[in-house]
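Written below as structure tokens is the structure these notes are about.
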Amino acid sequence: MTAPLLEATNVAKVLGSGAAKVEALKNVSLTLKGGELTLLMGPSGSGKTTLLSILGCMLTPTAGTVRICGHATAGADPEDLALLRREHIGFVFQSFHLFPTLSATDNVRLALDVRGERSRSAKAKSREALARVGLPHKIKAFPGELSGGEQQRVAIARAIVGNPSIILADEPTAALDGENGQAVMKILTTIAREQGRAVLIVTHDPRLLPFADRVVHIEDGRIVREERSGAEPQ
């Protein structure tokens with residue numbers, strides 16, 4: 001059995017106070033293992049983004065525990081949480097978050113800059129990451145010169161360039177057409193299965209189901225069921 005890369009146990013999150021108090025998450029437990037691509041699906045307001053933010057150390061839970069690559073987040077201060085994010089987690093967002101005045105290589109290299117890696121090899125690593133997502137010919141291109149699908153590939157390259165164990169993606173195909181969405185999912189599937197990373201994708205899109213090793217359904221802040229695909233991850 002592969003050791004879990006991320007474990008959330010009995011996680012709860014309360015947002016607001018008084019009359020505005022909302023239980024966004026209620027007793028949620030979730031384990032992510034290397035080599036698996038997991039979809040997190042549920043209606044708007046079900047707690048998907050809140051859970052992703054807690055797993056990504058951007059929010060702290062009101063109750064429950066989270067362990068990332070064996071490190072517990074309980075009691076960690078903001079600096080410790082930032083270190084966990086930098087060392088173990090890569091993020092992919094719906095809106096790409098690329099800097100328009102930076103080339104594809106420099107956008108990817110930002111992920112290494114925040115880790116304090118500013119050596120000459122950082123540019124080479126960034127170009128290697130772009131090659132892994134199929135963009136070796138776009139290393140000097142600016143975001144405005146790239147299609148939406150290409151911009152998302154740059155964002156994925158930025159997420160993986162630091163070799164994180166876990167990739168968290170929030171609606172990574174929502175801004176893309178069907179063809180580009182499929183291409184992005186193939187890249188994320190390869191990252192999970194061939195590179196042994198844990199990939200968790202928040203999505204509303206049922207077209208992504210064939211790519212999943214596991215589908216987790218969340219409603220009203222609770223995980224209501226999980227389903228596995230027929231094929232085991234490689």
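How things are named: the first chain in the structure tokens is A, the next is B, and so on; residues count from 1 in each chain; ligands count from 1 in the order shown.
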*All alpha helix (DSSP H) residues (DSSP, backbone) inside segment 1-223 of chain A, as a ChimeraX atom specification*: /A:48-55,78-88,104-113,121-132,148-160,178-195
*Would you please give, as a PyMOL selection string, all residues of segment 67-101 of chain A that DSSP assigns to strand (DSSP E or B) based on the backbone?*
chain A and resi 67-68+71-72+89-93
Write the residues you've just listed into a file as a PDB file, in the first residue's frame, and include N, CA and C atoms for each of them.
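Result file is result-v3.pdb:
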```pdb
ATOM      1  N   ARG A  67      -2.623  16.328   7.669  1.00  0.00           N
ATOM      2  CA  ARG A  67      -1.219  15.940   7.594  1.00  0.00           C
ATOM      3  C   ARG A  67      -0.791  15.952   6.129  1.00  0.00           C
ATOM      4  N   ILE A  68       0.319  16.617   5.853  1.00  0.00           N
ATOM      5  CA  ILE A  68       0.839  16.726   4.501  1.00  0.00           C
ATOM      6  C   ILE A  68       2.222  16.103   4.465  1.00  0.00           C
ATOM      7  N   HIS A  71       3.576  15.671   7.800  1.00  0.00           N
ATOM      8  CA  HIS A  71       3.679  16.853   8.663  1.00  0.00           C
ATOM      9  C   HIS A  71       2.282  17.334   9.064  1.00  0.00           C
ATOM     10  N   ALA A  72       2.030  17.410  10.358  1.00  0.00           N
ATOM     11  CA  ALA A  72       0.742  17.901  10.833  1.00  0.00           C
ATOM     12  C   ALA A  72       0.707  19.422  10.749  1.00  0.00           C
ATOM     13  N   ILE A  89       3.201  21.353  -2.201  1.00  0.00           N
ATOM     14  CA  ILE A  89       1.929  21.535  -2.902  1.00  0.00           C
ATOM     15  C   ILE A  89       2.100  22.449  -4.105  1.00  0.00           C
ATOM     16  N   GLY A  90       1.513  22.032  -5.227  1.00  0.00           N
ATOM     17  CA  GLY A  90       1.423  22.881  -6.409  1.00  0.00           C
ATOM     18  C   GLY A  90      -0.033  23.206  -6.672  1.00  0.00           C
ATOM     19  N   PHE A  91      -0.323  24.451  -7.058  1.00  0.00           N
ATOM     20  CA  PHE A  91      -1.700  24.891  -7.280  1.00  0.00           C
ATOM     21  C   PHE A  91      -1.935  25.209  -8.758  1.00  0.00           C
ATOM     22  N   VAL A  92      -3.114  24.834  -9.231  1.00  0.00           N
ATOM     23  CA  VAL A  92      -3.571  25.209 -10.577  1.00  0.00           C
ATOM     24  C   VAL A  92      -4.962  25.816 -10.420  1.00  0.00           C
ATOM     25  N   PHE A  93      -5.157  27.013 -11.013  1.00  0.00           N
ATOM     26  CA  PHE A  93      -6.418  27.726 -10.844  1.00  0.00           C
ATOM     27  C   PHE A  93      -7.158  27.855 -12.170  1.00  0.00           C
TER      28      PHE A  93
END
```
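Computed from the coordinates, the atom CA of Asp170 of chain A to atom CA of Ile201 of chain A distance equals 6.0 Å.
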_Of the listed residues A:Leu40, A:Gly16, A:Gly196, A:Ile191, that which approaches Val224 of chain A most closely, counting only C-alpha atoms_ =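 Ranked by minimum distance to Val224 of chain A, first place goes to A:Leu40.
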*What's the 12 Å shell around Ala131 of chain A, counting only C-alpha atoms, without same-chain residues fewer than 3 positions away, as a PyMOL selection string?*
chain A and resi 104-105+108+124-128+134-139+150+153-154+156-158+160-161+187
Selected residues written out with C-alpha atoms, as an mmCIF file, in the first residue's frame:
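Below is the file selection30.cif, written as the result:
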```cif
data_model
loop_
_atom_site.group_PDB
_atom_site.id
_atom_site.type_symbol
_atom_site.label_atom_id
_atom_site.label_comp_id
_atom_site.auth_asym_id
_atom_site.auth_seq_id
_atom_site.Cartn_x
_atom_site.Cartn_y
_atom_site.Cartn_z
ATOM 1 C CA ALA A 104 6.249 31.631 -20.169
ATOM 2 C CA THR A 105 9.644 30.663 -18.752
ATOM 3 C CA VAL A 108 7.083 29.256 -14.389
ATOM 4 C CA ALA A 124 16.596 25.357 -17.211
ATOM 5 C CA LYS A 125 14.160 23.697 -14.803
ATOM 6 C CA SER A 126 11.406 26.061 -15.948
ATOM 7 C CA ARG A 127 12.024 25.198 -19.586
ATOM 8 C CA GLU A 128 12.027 21.493 -18.755
ATOM 9 C CA GLY A 134 4.045 20.171 -24.425
ATOM 10 C CA LEU A 135 5.247 23.768 -24.779
ATOM 11 C CA PRO A 136 8.970 23.572 -25.577
ATOM 12 C CA HIS A 137 8.361 25.932 -28.510
ATOM 13 C CA LYS A 138 6.641 28.579 -26.352
ATOM 14 C CA ILE A 139 9.322 29.265 -23.745
ATOM 15 C CA GLU A 150 -1.569 27.042 -23.607
ATOM 16 C CA ARG A 153 -0.367 24.489 -19.525
ATOM 17 C CA VAL A 154 2.043 27.213 -18.416
ATOM 18 C CA ILE A 156 0.523 23.573 -14.739
ATOM 19 C CA ALA A 157 4.246 23.819 -15.528
ATOM 20 C CA ARG A 158 4.534 26.429 -12.776
ATOM 21 C CA ILE A 160 5.035 21.129 -11.058
ATOM 22 C CA VAL A 161 8.412 22.839 -11.531
ATOM 23 C CA ILE A 187 -1.377 16.201 -18.701
#
```
*Among the residues A:Gln195, A:Thr189, A:Thr60, A:Ser29, the one that comes closest to Ile218 of chain A [using only C-alpha atoms]*: A:Ser29
